[in-house]
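> Dropping in final.cif, with mmCIF, C-alpha atoms.
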```cif
data_model
loop_
_atom_site.label_atom_id
_atom_site.label_comp_id
_atom_site.auth_asym_id
_atom_site.auth_seq_id
_atom_site.Cartn_x
_atom_site.Cartn_y
_atom_site.Cartn_z
CA MET S 1 -54.04 11.72 -75.04
CA SER S 2 -52.75 15.07 -73.85
CA LYS S 3 -51.09 15.48 -70.48
CA ARG S 4 -53.85 17.76 -69.30
CA SER S 5 -56.66 15.32 -69.87
CA PHE S 6 -54.70 12.55 -68.17
CA ILE S 7 -54.42 14.69 -65.03
CA THR S 8 -58.08 15.63 -65.24
CA ARG S 9 -59.08 11.96 -65.35
CA LEU S 10 -56.73 11.15 -62.51
CA ARG S 11 -58.09 13.98 -60.43
CA ALA S 12 -61.62 12.70 -60.76
CA HIS S 13 -60.61 9.54 -58.95
CA LEU S 14 -61.91 9.27 -55.38
CA ALA S 15 -58.56 8.40 -53.84
CA TYR S 16 -56.72 11.21 -55.63
CA PRO S 17 -56.72 13.80 -52.81
CA SER S 18 -55.43 11.28 -50.25
CA LEU S 19 -52.74 10.06 -52.63
CA LEU S 20 -51.76 13.63 -53.46
CA LEU S 21 -51.50 14.61 -49.82
CA GLY S 22 -49.62 11.41 -49.00
CA THR S 23 -47.14 11.99 -51.83
CA ALA S 24 -46.69 15.61 -50.85
CA VAL S 25 -45.99 14.66 -47.22
CA LEU S 26 -43.58 11.94 -48.32
CA LEU S 27 -41.69 14.34 -50.58
CA ALA S 28 -41.58 17.08 -47.98
CA THR S 29 -40.38 14.71 -45.26
CA SER S 30 -37.65 13.25 -47.48
CA LEU S 31 -36.54 16.75 -48.44
CA LEU S 32 -36.37 17.80 -44.79
CA ALA S 33 -34.50 14.61 -43.87
CA LEU S 34 -32.01 15.26 -46.67
CA GLY S 35 -31.67 18.88 -45.63
CA HIS S 36 -31.04 17.80 -42.05
CA LEU S 37 -28.43 15.23 -43.10
CA ALA S 38 -26.70 17.72 -45.38
CA THR S 39 -26.44 20.38 -42.70
CA LYS S 40 -26.08 18.33 -39.50
CA THR S 41 -22.29 18.17 -39.32
CA VAL S 42 -21.79 21.73 -40.52
CA ILE S 43 -24.25 23.07 -37.96
CA ALA S 44 -22.60 21.05 -35.16
CA GLN S 45 -19.23 22.42 -36.24
CA ARG S 46 -20.54 25.99 -36.29
CA GLN S 47 -22.01 25.53 -32.83
CA ALA S 48 -18.70 24.20 -31.50
CA GLU S 49 -16.97 27.25 -33.01
CA ASP S 50 -19.58 29.45 -31.37
CA LEU S 51 -18.93 27.76 -28.04
CA ILE S 52 -15.18 28.31 -28.34
CA ASN S 53 -15.76 31.95 -29.28
CA SER S 54 -18.14 32.44 -26.36
CA LEU S 55 -15.76 30.75 -23.94
CA ALA S 56 -12.98 33.02 -25.17
CA GLN S 57 -15.17 36.00 -24.32
CA VAL S 58 -15.69 35.00 -20.70
CA ILE S 59 -12.21 33.61 -20.02
CA PRO S 60 -9.28 35.71 -21.26
CA SER S 61 -6.72 33.62 -23.11
CA SER S 62 -3.98 34.90 -20.77
CA LEU S 63 -5.53 32.81 -17.98
CA HIS S 64 -5.11 29.40 -19.59
CA ASP S 65 -2.91 27.33 -21.83
CA ASN S 66 -5.28 24.39 -22.34
CA ASN S 67 -8.09 23.73 -24.80
CA LEU S 68 -11.23 24.59 -22.86
CA LEU S 69 -13.37 22.10 -24.80
CA THR S 70 -11.23 19.12 -23.73
CA ASN S 71 -10.97 19.90 -20.00
CA HIS S 72 -14.39 19.80 -18.48
CA LEU S 73 -16.18 18.32 -15.52
CA ASP S 74 -19.76 17.17 -15.19
CA LEU S 75 -21.19 18.19 -11.86
CA PRO S 76 -24.62 17.04 -10.69
CA ALA S 77 -27.17 19.85 -10.69
CA LYS S 78 -30.90 20.30 -10.28
CA ASP S 79 -31.82 19.26 -13.80
CA GLY S 80 -29.23 16.80 -15.03
CA ASN S 81 -25.52 17.42 -15.15
CA GLN S 82 -23.87 20.78 -15.23
CA GLN S 83 -20.93 20.87 -17.57
CA VAL S 84 -18.08 23.05 -16.33
CA PHE S 85 -15.18 24.04 -18.58
CA LEU S 86 -11.86 24.37 -16.79
CA ALA S 87 -9.26 26.95 -17.71
CA MET S 88 -5.87 25.71 -16.62
CA GLN S 89 -2.43 27.17 -16.39
CA GLY S 90 -0.22 24.08 -16.33
CA GLN S 91 -1.86 21.90 -13.65
CA THR S 92 -3.67 24.70 -11.84
CA VAL S 93 -7.25 25.64 -12.51
CA THR S 94 -7.31 29.40 -12.93
CA ALA S 95 -10.94 29.92 -13.91
CA VAL S 96 -14.07 28.03 -14.83
CA ALA S 97 -16.88 28.62 -17.29
CA TYR S 98 -20.33 27.07 -17.31
CA SER S 99 -23.71 27.76 -18.76
CA ARG S 100 -26.89 28.56 -16.90
CA VAL S 101 -30.47 28.57 -18.11
CA THR S 102 -33.23 30.77 -16.78
CA ARG S 103 -36.86 30.27 -17.69
CA GLU S 104 -37.98 33.52 -16.12
CA GLY S 105 -37.34 35.58 -19.24
CA TYR S 106 -40.11 37.14 -21.27
CA GLY S 107 -39.99 34.86 -24.30
CA GLY S 108 -38.70 31.46 -23.25
CA PRO S 109 -35.46 30.10 -21.84
CA ILE S 110 -32.36 32.29 -21.83
CA ARG S 111 -28.99 30.50 -21.90
CA LEU S 112 -26.07 32.25 -20.26
CA LEU S 113 -22.38 31.54 -20.12
CA LEU S 114 -20.53 32.56 -16.97
CA GLY S 115 -16.79 32.83 -16.54
CA VAL S 116 -15.62 32.89 -12.94
CA ALA S 117 -12.08 33.35 -11.70
CA ALA S 118 -10.56 31.39 -8.82
CA ASP S 119 -11.29 34.26 -6.41
CA GLY S 120 -15.03 34.06 -7.13
CA LYS S 121 -15.16 37.21 -9.27
CA LEU S 122 -17.06 37.16 -12.55
CA LEU S 123 -14.70 37.36 -15.51
CA GLY S 124 -17.59 37.84 -17.87
CA VAL S 125 -21.14 36.86 -18.72
CA ARG S 126 -22.57 36.32 -22.19
CA VAL S 127 -25.99 35.37 -23.46
CA LEU S 128 -25.75 32.26 -25.64
CA SER S 129 -29.35 32.13 -26.82
CA HIS S 130 -32.66 33.76 -26.03
CA SER S 131 -35.98 34.63 -27.59
CA GLU S 132 -36.60 37.99 -25.98
CA THR S 133 -38.42 40.74 -27.86
CA PRO S 134 -36.23 42.22 -30.61
CA GLY S 135 -35.50 45.86 -29.81
CA LEU S 136 -36.48 45.55 -26.15
CA GLY S 137 -35.17 42.53 -24.26
CA ASP S 138 -32.42 41.69 -26.73
CA LYS S 139 -30.16 44.37 -25.24
CA ILE S 140 -28.78 41.52 -23.11
CA GLU S 141 -26.74 40.53 -26.19
CA ILE S 142 -23.24 41.95 -26.24
CA ALA S 143 -23.78 42.83 -29.91
CA LYS S 144 -26.69 45.10 -29.06
CA SER S 145 -25.63 46.73 -25.81
CA ASP S 146 -22.84 46.92 -23.23
CA TRP S 147 -25.25 46.12 -20.42
CA ILE S 148 -23.92 42.61 -19.84
CA LEU S 149 -20.41 43.99 -19.20
CA GLU S 150 -21.75 45.57 -16.01
CA PHE S 151 -21.30 42.18 -14.35
CA ASN S 152 -17.55 41.96 -14.97
CA GLY S 153 -15.59 41.85 -11.73
CA LEU S 154 -18.65 41.39 -9.53
CA SER S 155 -19.01 38.62 -6.98
CA LEU S 156 -21.55 37.36 -4.46
CA THR S 157 -20.39 39.98 -1.96
CA ASN S 158 -20.00 42.85 -4.42
CA PRO S 159 -22.65 44.20 -4.61
CA PRO S 160 -23.98 42.77 -1.31
CA ALA S 161 -26.71 40.14 -1.41
CA GLY S 162 -29.60 42.60 -1.11
CA GLN S 163 -28.33 44.60 -4.09
CA TRP S 164 -28.45 41.71 -6.56
CA ALA S 165 -31.61 43.02 -8.22
CA VAL S 166 -32.60 45.56 -10.88
CA LYS S 167 -32.99 49.19 -9.82
CA LYS S 168 -36.75 48.96 -10.09
CA ASP S 169 -36.64 46.33 -7.32
CA GLY S 170 -34.28 48.47 -5.24
CA GLY S 171 -31.12 46.78 -6.45
CA HIS S 172 -27.91 47.71 -8.20
CA PHE S 173 -28.54 46.84 -11.85
CA ASP S 174 -30.08 48.87 -14.66
CA GLN S 175 -33.19 47.57 -16.37
CA PHE S 176 -34.04 48.49 -19.99
CA THR S 177 -36.69 50.85 -21.19
CA GLY S 178 -39.71 48.66 -21.75
CA ALA S 179 -38.09 45.49 -20.52
CA THR S 180 -37.69 44.75 -16.83
CA ILE S 181 -38.50 41.06 -16.85
CA THR S 182 -35.47 40.12 -18.95
CA PRO S 183 -32.77 41.88 -16.86
CA ARG S 184 -34.49 40.75 -13.67
CA ALA S 185 -34.29 37.12 -14.81
CA LEU S 186 -30.64 37.54 -15.75
CA VAL S 187 -29.57 39.19 -12.51
CA LYS S 188 -31.24 36.41 -10.54
CA GLU S 189 -29.73 33.65 -12.63
CA ILE S 190 -26.24 35.12 -12.56
CA ARG S 191 -26.46 35.26 -8.77
CA ASN S 192 -27.66 31.62 -8.75
CA GLY S 193 -24.72 30.80 -10.98
CA LEU S 194 -22.31 32.39 -8.52
CA MET S 195 -23.89 30.42 -5.71
CA PHE S 196 -23.37 27.25 -7.72
CA PHE S 197 -19.72 28.21 -8.03
CA GLU S 198 -19.47 28.87 -4.29
CA ASN S 199 -21.06 25.49 -3.47
CA HIS S 200 -18.69 23.58 -5.70
CA ARG S 201 -15.66 25.81 -5.34
CA SER S 202 -13.40 23.44 -3.44
CA THR S 203 -14.11 20.53 -5.75
CA LEU S 204 -13.71 22.58 -8.92
CA PHE S 205 -10.29 23.76 -7.99
CA GLN S 206 -9.08 20.50 -6.46
CA ALA S 207 -10.35 18.60 -9.43
CA ALA S 208 -7.45 19.20 -11.70
CA ILE S 209 -4.58 19.31 -9.28
CA PRO S 210 -3.44 15.67 -9.43
CA GLN S 211 -3.94 14.95 -13.10
CA PRO S 212 -6.29 17.10 -15.10
CA LEU S 213 -7.53 14.71 -17.74
CA SER S 214 -7.89 11.48 -15.80
CA THR S 215 -9.63 12.77 -12.67
CA THR S 216 -13.08 13.07 -14.12
CA GLU S 217 -14.25 9.72 -12.79
CA PRO S 218 -13.11 9.93 -9.16
CA VAL S 219 -14.36 13.48 -8.95
CA LYS S 220 -17.74 12.41 -10.20
CA ALA S 221 -17.85 9.74 -7.49
CA THR S 222 -17.18 12.19 -4.67
CA PHE S 223 -19.90 14.41 -6.02
CA ASP S 224 -22.42 11.62 -6.10
CA ASN S 225 -21.87 11.08 -2.40
CA ARG S 226 -22.95 14.54 -1.44
CA ASP S 227 -25.54 14.97 -4.11
CA GLY S 228 -28.57 16.93 -2.98
CA GLY S 229 -26.71 19.01 -0.45
CA SER S 230 -26.02 21.88 -2.76
CA GLN S 231 -28.16 23.67 -5.32
CA MET J 1 -56.19 36.10 -67.76
CA THR J 2 -52.67 36.52 -66.40
CA PRO J 3 -52.09 40.20 -65.59
CA SER J 4 -49.22 42.07 -67.25
CA TYR J 5 -45.92 42.29 -65.40
CA LYS J 6 -46.37 46.03 -65.01
CA GLN J 7 -49.65 45.36 -63.29
CA ILE J 8 -48.13 42.65 -61.05
CA ILE J 9 -45.33 45.00 -59.99
CA ARG J 10 -47.77 47.82 -59.28
CA GLU J 11 -50.06 45.52 -57.32
CA GLY J 12 -47.27 44.11 -55.19
CA LEU J 13 -45.51 47.34 -54.35
CA TRP J 14 -48.42 49.69 -53.85
CA ASP J 15 -52.01 49.02 -54.94
CA ASN J 16 -52.36 45.66 -53.25
CA ASN J 17 -49.50 45.90 -50.74
CA VAL J 18 -49.50 42.91 -48.39
CA VAL J 19 -49.59 45.04 -45.26
CA PHE J 20 -51.15 48.35 -46.22
CA SER J 21 -53.91 47.03 -48.49
CA GLN J 22 -54.41 43.35 -47.84
CA MET J 23 -53.82 43.76 -44.08
CA LEU J 24 -52.10 40.42 -43.97
CA ALA J 25 -48.98 39.36 -42.07
CA LEU J 26 -49.89 41.53 -39.10
CA CYS J 27 -48.68 38.98 -36.54
CA PRO J 28 -44.99 38.84 -37.54
CA LEU J 29 -45.26 42.49 -38.55
CA LEU J 30 -46.10 43.79 -35.11
CA ALA J 31 -43.71 41.37 -33.43
CA VAL J 32 -40.53 42.43 -35.20
CA THR J 33 -40.91 46.04 -36.32
CA SER J 34 -39.57 47.69 -33.20
CA THR J 35 -36.59 48.75 -35.31
CA ALA J 36 -36.17 49.37 -39.03
CA THR J 37 -33.31 46.87 -39.17
CA ASN J 38 -35.44 44.05 -37.77
CA GLY J 39 -38.16 44.94 -40.27
CA LEU J 40 -35.64 44.76 -43.11
CA GLY J 41 -34.33 41.36 -42.00
CA MET J 42 -37.77 39.86 -41.60
CA GLY J 43 -38.89 41.35 -44.93
CA LEU J 44 -35.93 39.95 -46.87
CA VAL J 45 -36.23 36.42 -45.50
CA SER J 46 -40.00 36.47 -46.07
CA ALA J 47 -39.44 37.61 -49.64
CA VAL J 48 -37.12 34.66 -50.31
CA VAL J 49 -39.69 32.22 -48.93
CA LEU J 50 -42.48 33.95 -50.89
CA VAL J 51 -40.63 33.61 -54.19
CA CYS J 52 -39.80 29.93 -53.54
CA SER J 53 -43.30 29.03 -52.39
CA ASN J 54 -44.92 30.84 -55.33
CA LEU J 55 -42.59 28.97 -57.68
CA LEU J 56 -43.39 25.55 -56.19
CA VAL J 57 -47.12 26.15 -55.91
CA SER J 58 -47.25 27.36 -59.49
CA LEU J 59 -45.28 24.27 -60.59
CA ILE J 60 -47.79 21.87 -59.06
CA ARG J 61 -50.88 23.95 -59.80
CA ASN J 62 -52.25 21.43 -62.30
CA TRP J 63 -51.77 18.55 -59.89
CA THR J 64 -53.40 19.88 -56.75
CA SER J 65 -57.01 19.06 -56.08
CA PRO J 66 -59.35 21.58 -54.45
CA GLU J 67 -59.99 19.34 -51.42
CA VAL J 68 -56.42 19.17 -50.18
CA ARG J 69 -54.76 22.21 -51.74
CA ILE J 70 -54.52 24.21 -48.50
CA PRO J 71 -52.73 21.45 -46.52
CA VAL J 72 -50.40 20.94 -49.48
CA PHE J 73 -49.58 24.66 -49.66
CA ILE J 74 -49.00 24.83 -45.89
CA LEU J 75 -46.75 21.78 -46.14
CA ILE J 76 -44.71 23.42 -48.89
CA ILE J 77 -44.35 26.69 -46.97
CA ALA J 78 -43.47 25.02 -43.65
CA SER J 79 -40.89 22.74 -45.32
CA LEU J 80 -39.35 25.71 -47.15
CA VAL J 81 -39.05 27.71 -43.96
CA THR J 82 -37.42 24.77 -42.16
CA LEU J 83 -34.97 24.22 -45.02
CA VAL J 84 -34.10 27.92 -45.17
CA ASP J 85 -33.53 27.79 -41.41
CA LEU J 86 -31.22 24.75 -41.68
CA PHE J 87 -29.23 26.06 -44.65
CA MET J 88 -28.78 29.50 -43.16
CA ASN J 89 -27.68 27.95 -39.88
CA ALA J 90 -25.05 25.89 -41.70
CA TRP J 91 -23.72 28.24 -44.34
CA PHE J 92 -24.77 31.75 -43.37
CA HIS J 93 -24.21 31.25 -39.69
CA GLU J 94 -23.54 34.90 -38.83
CA LEU J 95 -26.67 36.04 -40.62
CA HIS J 96 -28.61 33.22 -39.02
CA LYS J 97 -27.62 34.41 -35.57
CA VAL J 98 -29.20 37.76 -36.36
CA LEU J 99 -32.26 36.59 -38.29
CA GLY J 100 -32.70 33.20 -36.61
CA LEU J 101 -35.23 34.65 -34.26
CA PHE J 102 -37.51 35.67 -37.10
CA ILE J 103 -37.37 32.61 -39.29
CA PRO J 104 -39.94 30.43 -37.49
CA LEU J 105 -42.26 33.45 -37.46
CA ILE J 106 -42.43 33.34 -41.25
CA VAL J 107 -44.73 30.32 -41.11
CA THR J 108 -47.25 32.51 -39.32
CA ASN J 109 -47.15 34.94 -42.23
CA CYS J 110 -50.51 34.32 -43.88
CA ALA J 111 -49.50 36.54 -46.79
CA ILE J 112 -47.41 33.67 -48.13
CA LEU J 113 -50.34 31.26 -48.08
CA GLY J 114 -52.49 34.09 -49.43
CA ARG J 115 -50.28 34.55 -52.49
CA ALA J 116 -50.02 30.79 -53.02
CA GLU J 117 -53.79 30.49 -53.03
CA ALA J 118 -54.76 33.73 -54.76
CA PHE J 119 -52.04 34.00 -57.39
CA ALA J 120 -49.49 31.23 -57.75
CA SER J 121 -52.01 28.39 -57.94
CA ARG J 122 -53.77 30.11 -60.85
CA HIS J 123 -50.91 31.48 -62.94
CA PRO J 124 -47.84 30.23 -64.82
CA ILE J 125 -44.43 30.04 -63.19
CA LEU J 126 -42.83 33.28 -64.36
CA PRO J 127 -45.66 35.63 -63.36
CA ALA J 128 -45.89 33.71 -60.06
CA ILE J 129 -42.21 34.35 -59.34
CA VAL J 130 -42.53 38.04 -60.23
CA ASP J 131 -45.61 38.26 -58.04
CA GLY J 132 -43.78 36.63 -55.12
CA LEU J 133 -40.82 38.96 -55.56
CA MET J 134 -42.94 42.10 -55.79
CA MET J 135 -45.18 41.13 -52.88
CA GLY J 136 -41.99 40.35 -50.92
CA ILE J 137 -40.45 43.73 -51.72
CA GLY J 138 -43.76 45.42 -50.92
CA LEU J 139 -43.80 43.61 -47.57
CA THR J 140 -40.18 44.58 -46.89
CA LEU J 141 -40.90 48.25 -47.65
CA ALA J 142 -43.91 48.19 -45.35
CA LEU J 143 -41.94 46.52 -42.55
CA VAL J 144 -39.06 49.00 -42.89
CA ALA J 145 -41.47 51.98 -42.96
CA LEU J 146 -43.30 50.80 -39.85
CA GLY J 147 -40.04 49.85 -38.13
CA ALA J 148 -38.56 53.27 -38.92
CA VAL J 149 -41.54 55.16 -37.49
CA ARG J 150 -41.57 53.08 -34.31
CA GLU J 151 -37.80 53.21 -33.90
CA VAL J 152 -37.53 56.97 -34.35
CA LEU J 153 -40.36 57.69 -31.92
CA GLY J 154 -39.54 54.91 -29.49
CA SER J 155 -35.76 54.89 -29.28
CA GLY J 156 -34.64 57.98 -31.20
CA THR J 157 -32.45 55.97 -33.58
CA LEU J 158 -32.79 54.77 -37.15
CA PHE J 159 -31.42 51.50 -38.53
CA ALA J 160 -29.68 50.72 -35.25
CA HIS J 161 -27.50 47.57 -35.51
CA ALA J 162 -27.84 47.51 -39.31
CA GLY J 163 -24.16 46.58 -39.42
CA LEU J 164 -24.96 43.28 -37.71
CA LEU J 165 -27.53 42.38 -40.33
CA LEU J 166 -25.94 43.61 -43.53
CA GLY J 167 -22.25 43.54 -42.72
CA SER J 168 -20.07 46.21 -41.18
CA SER J 169 -19.94 48.26 -44.39
CA PHE J 170 -23.54 49.23 -43.70
CA SER J 171 -22.95 50.50 -40.18
CA SER J 172 -22.79 54.01 -41.65
CA ILE J 173 -26.58 53.99 -42.12
CA GLU J 174 -27.05 53.61 -38.37
CA LEU J 175 -28.28 56.95 -37.12
CA THR J 176 -28.84 58.33 -33.68
CA LEU J 177 -31.33 61.13 -34.16
CA PHE J 178 -31.69 62.29 -30.57
CA ASP J 179 -28.97 61.75 -27.98
CA GLU J 180 -30.12 60.77 -24.51
CA TYR J 181 -33.62 60.34 -25.92
CA ARG J 182 -36.02 58.96 -23.34
CA GLY J 183 -38.31 57.53 -26.00
CA ILE J 184 -42.02 56.94 -26.21
CA LEU J 185 -42.08 53.44 -24.82
CA LEU J 186 -45.59 52.85 -26.16
CA MET J 187 -44.25 52.91 -29.71
CA LEU J 188 -41.97 49.95 -29.04
CA LEU J 189 -44.78 47.87 -27.53
CA PRO J 190 -47.44 46.13 -29.63
CA PRO J 191 -50.09 48.88 -29.14
CA GLY J 192 -47.63 51.37 -30.63
CA GLY J 193 -47.28 49.05 -33.60
CA PHE J 194 -51.04 49.12 -34.16
CA LEU J 195 -51.14 52.91 -33.79
CA ALA J 196 -48.28 53.51 -36.21
CA LEU J 197 -49.78 51.02 -38.68
CA GLY J 198 -53.13 52.81 -38.49
CA PHE J 199 -51.57 56.17 -39.26
CA LEU J 200 -49.47 54.76 -42.10
CA ILE J 201 -52.54 53.14 -43.70
CA ALA J 202 -54.50 56.39 -43.32
CA GLY J 203 -51.58 58.24 -44.89
CA LYS J 204 -51.50 55.86 -47.84
CA ARG J 205 -55.26 56.24 -48.43
CA LEU J 206 -54.94 60.02 -48.20
CA LEU J 207 -52.11 60.03 -50.70
CA GLU J 208 -54.12 57.91 -53.10
CA ARG J 209 -57.08 60.26 -52.85
CA ARG J 210 -54.93 63.37 -53.28
CA THR J 211 -53.29 62.14 -56.42
CA LYS J 212 -56.72 61.05 -57.72
CA ASN J 213 -55.08 57.80 -58.23
CA THR J 214 -57.85 55.82 -56.60
CA HIS J 215 -56.90 52.69 -58.35
CA GLN J 216 -59.19 50.27 -56.56
CA PRO J 217 -57.38 47.19 -55.33
CA VAL J 218 -58.51 44.32 -57.48
CA PRO J 219 -60.57 42.12 -55.18
CA GLU J 220 -58.69 38.90 -54.81
CA ALA J 221 -60.50 35.63 -54.46
CA ASN J 222 -61.73 35.35 -50.89
CA LYS J 223 -59.23 33.80 -48.58
#
```
Would you give me this structure, written as structure tokens?

Amino acid sequence: MSKRSFITRLRAHLAYPSLLLGTAVLLATSLLALGHLATKTVIAQRQAEDLINSLAQVIPSSLHDNNLLTNHLDLPAKDGNQQVFLAMQGQTVTAVAYSRVTREGYGGPIRLLLGVAADGKLLGVRVLSHSETPGLGDKIEIAKSDWILEFNGLSLTNPPAGQWAVKKDGGHFDQFTGATITPRALVKEIRNGLMFFENHRSTLFQAAIPQPLSTTEPVKATFDNRDGGSQ
Amino acid sequence: MTPSYKQIIREGLWDNNVVFSQMLALCPLLAVTSTATNGLGMGLVSAVVLVCSNLLVSLIRNWTSPEVRIPVFILIIASLVTLVDLFMNAWFHELHKVLGLFIPLIVTNCAILGRAEAFASRHPILPAIVDGLMMGIGLTLALVALGAVREVLGSGTLFAHAGLLLGSSFSSIELTLFDEYRGILLMLLPPGGFLALGFLIAGKRLLERRTKNTHQPVPEANK
């Protein structure tokens, strides 16, 4: 009996399509599971490297002598905890970095990373991930345009509150040709991020003074007490 | 029954080009071709998936049954795209950061299902691979052509940010054609994509008529 005729007879069977589909799904799922297992640790490692690289872009290495990934605080925020990375020179917090998410972009959530110095001035802003239109809204990436550098050195009072908007809305910041929604969302979220900093300023900078690594718990407790006041 | 390789190459690159003749893949096409570089990236990743899916579909062509072949093909394509996404994220992380945006869009590329159904499921493995490769290159050329037209008219540049996609040695192909160019914004938006595509298709038809090379596209089985 040739192989061909065996398949032909098998195919004539009523249950064949269901079995075929079932087998195909089983194989595909196992392959995907294997693929996921094989890449999981590498991807996590790459993402950690990305995070370190991004943090280095918003906090100059001259400002800290600690490993940013090990010194961080979890502050309560609107949707879950807000992780804040602390840059420390000895026992003093010199700057902080934290991520913000805006859902007012054109193509889904945009994740930002903000670096803020002790005096409330932005050290830098970077876009961590987004799904804005390639060629239009993606100019928020540092790789595509210098636009995001415009925020360096700014604070809540510079430009004044009314000017924290794109030029089209009468504000200070440039929008892109063909993309106003994206920059508008970013300007708003960066301002929100600065307000978050302002609200938690005292705690952020007191946090590390006694003993940087062991204060996480007590700090968390004091935050829980006044939860809901800020943000 | 199986066409000659010369014929397959000709079909894929010109006569039966995925975009300009079959009018497939228009969704990812219009979404990413605002620059030539984006078109190139999308085209290359799609070509890889096309070759792999044609290979797999051709391998199992004697096992599939007519009732469930489409779900099986879709399953193969979607799994391939996910695996490509995972592997690129792990081992070609820099490239993934640039192309990552486009990868999920490949599933919406009906040209891949079209080739699986119209060619790979009816022909042996080698011609199926060649077909996938040629259709992929044809798609890439179309995407780059459309991206170039839209980019030049819309932003006044050509192959902007190519260095990010292909490595810094390719940054020399990045051109700024007009400094301080205000740009025709329409060309960067989806309607501009449709307009440019229309003119390119008309141009291709005209060229075919001029050269009296009216090689009629072989009607594929209805999809």
> Distance cut-off 9 Å, counting all atoms listed in the file - which residues of chain S neighbour chain J? Return them as a tab-separated table (two decimals) with C-alpha atoms, in the frame of the given file.

```tsv
chain	number	residue	atom	x	y	z
S	4	ARG	CA	-53.85	17.76	-69.30
S	7	ILE	CA	-54.42	14.69	-65.03
S	8	THR	CA	-58.08	15.63	-65.24
S	11	ARG	CA	-58.09	13.98	-60.43
S	16	TYR	CA	-56.72	11.21	-55.63
S	17	PRO	CA	-56.72	13.80	-52.81
S	18	SER	CA	-55.43	11.28	-50.25
S	20	LEU	CA	-51.76	13.63	-53.46
S	21	LEU	CA	-51.50	14.61	-49.82
S	24	ALA	CA	-46.69	15.61	-50.85
S	25	VAL	CA	-45.99	14.66	-47.22
S	28	ALA	CA	-41.58	17.08	-47.98
S	29	THR	CA	-40.38	14.71	-45.26
S	31	LEU	CA	-36.54	16.75	-48.44
S	32	LEU	CA	-36.37	17.80	-44.79
S	35	GLY	CA	-31.67	18.88	-45.63
S	36	HIS	CA	-31.04	17.80	-42.05
S	38	ALA	CA	-26.70	17.72	-45.38
S	39	THR	CA	-26.44	20.38	-42.70
S	40	LYS	CA	-26.08	18.33	-39.50
S	41	THR	CA	-22.29	18.17	-39.32
S	42	VAL	CA	-21.79	21.73	-40.52
S	43	ILE	CA	-24.25	23.07	-37.96
S	44	ALA	CA	-22.60	21.05	-35.16
S	45	GLN	CA	-19.23	22.42	-36.24
S	46	ARG	CA	-20.54	25.99	-36.29
S	130	HIS	CA	-32.66	33.76	-26.03
S	131	SER	CA	-35.98	34.63	-27.59
S	133	THR	CA	-38.42	40.74	-27.86
S	134	PRO	CA	-36.23	42.22	-30.61
S	135	GLY	CA	-35.50	45.86	-29.81
S	136	LEU	CA	-36.48	45.55	-26.15
S	143	ALA	CA	-23.78	42.83	-29.91
S	144	LYS	CA	-26.69	45.10	-29.06
S	177	THR	CA	-36.69	50.85	-21.19
S	178	GLY	CA	-39.71	48.66	-21.75
```
> Smallest atom-to-atom distance to Ser155 in chain S: which of S:Leu73, S:Leu19, S:Leu112, S:Ala118, using all atoms listed in the file?
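Going through S:Leu73, S:Leu19, S:Leu112, S:Ala118 one by one, the smallest distance to Ser155 in chain S is for S:Ala118.
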> Using the chain letters and numbers from the file, which residues does the PyMOL selection byres ((chain S and resi 52-56) around 8) grab, as a VMD selection string?
chain S and resid 48 to 51 57 to 61 68 to 69 97 113 115 126 128
> Could you check which of J:Pro28, J:Gly39, J:Pro127, J:Pro104 is closest to Pro3 in chain J, using all atoms listed in the file?
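Comparing J:Pro28, J:Gly39, J:Pro127, J:Pro104 against Pro3 in chain J, the winner is J:Pro127.
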> Hey, what comes out of the PyMOL selection byres ((chain J and resi 2) around 10) on this file? Could you write it as a PyMOL selection string?
chain J and resi 1+3-5+7-8+119+122-124+127-128
> To one decimal in Å, tell me the separation between CA of Arg100 in chain S and CA of Gly170 in chain S.
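Atom-to-atom, CA of Arg100 in chain S and CA of Gly170 in chain S are spaced 24.2 Å apart.
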> Figure out the distance between CA of Leu95 in chain J and CA of Ile125 in chain J, please, to one decimal in Å.
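Atom-to-atom, CA of Ile125 in chain J to CA of Leu95 in chain J, that is 29.3 Å.
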> I would like the residues chosen by the PyMOL selection byres ((chain S and resi 140) around 12) on the shown file; could you give them as a ChimeraX atom specification?
/S:105,110-112,125-139,141-151,174-176,179-187
> Between J:Leu153, J:Leu56, J:Leu143, J:Val45, which has the minimum distance to Leu99 in chain J (counting only C-alpha atoms)?
J:Val45
> For a quick check of understanding, using only C-alpha atoms, which of J:Leu50, J:Leu195, J:Val130, J:Met187 has the smallest distance to Glu11 in chain J?
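Among J:Leu50, J:Leu195, J:Val130, J:Met187, it is J:Val130 that comes nearest to Glu11 in chain J.
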> Quick one: residues within 9 Å of range 172-175 of chain J, all atoms listed in the file, excluding same-chain residues fewer than 3 positions away - as a ChimeraX atom specification?
/J:156-163,168-169
> Using C-alpha atoms, can you export the residues from the last selection as a PDB file, keeping the file's coordinate frame?

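The resulting file, out_39.pdb, is reproduced below:
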```
ATOM      1  CA  GLY J 156     -34.640  57.980 -31.200  1.00  0.00           C
ATOM      2  CA  THR J 157     -32.450  55.970 -33.580  1.00  0.00           C
ATOM      3  CA  LEU J 158     -32.790  54.770 -37.150  1.00  0.00           C
ATOM      4  CA  PHE J 159     -31.420  51.500 -38.530  1.00  0.00           C
ATOM      5  CA  ALA J 160     -29.680  50.720 -35.250  1.00  0.00           C
ATOM      6  CA  HIS J 161     -27.500  47.570 -35.510  1.00  0.00           C
ATOM      7  CA  ALA J 162     -27.840  47.510 -39.310  1.00  0.00           C
ATOM      8  CA  GLY J 163     -24.160  46.580 -39.420  1.00  0.00           C
ATOM      9  CA  SER J 168     -20.070  46.210 -41.180  1.00  0.00           C
ATOM     10  CA  SER J 169     -19.940  48.260 -44.390  1.00  0.00           C
TER      11      SER J 169
END
```
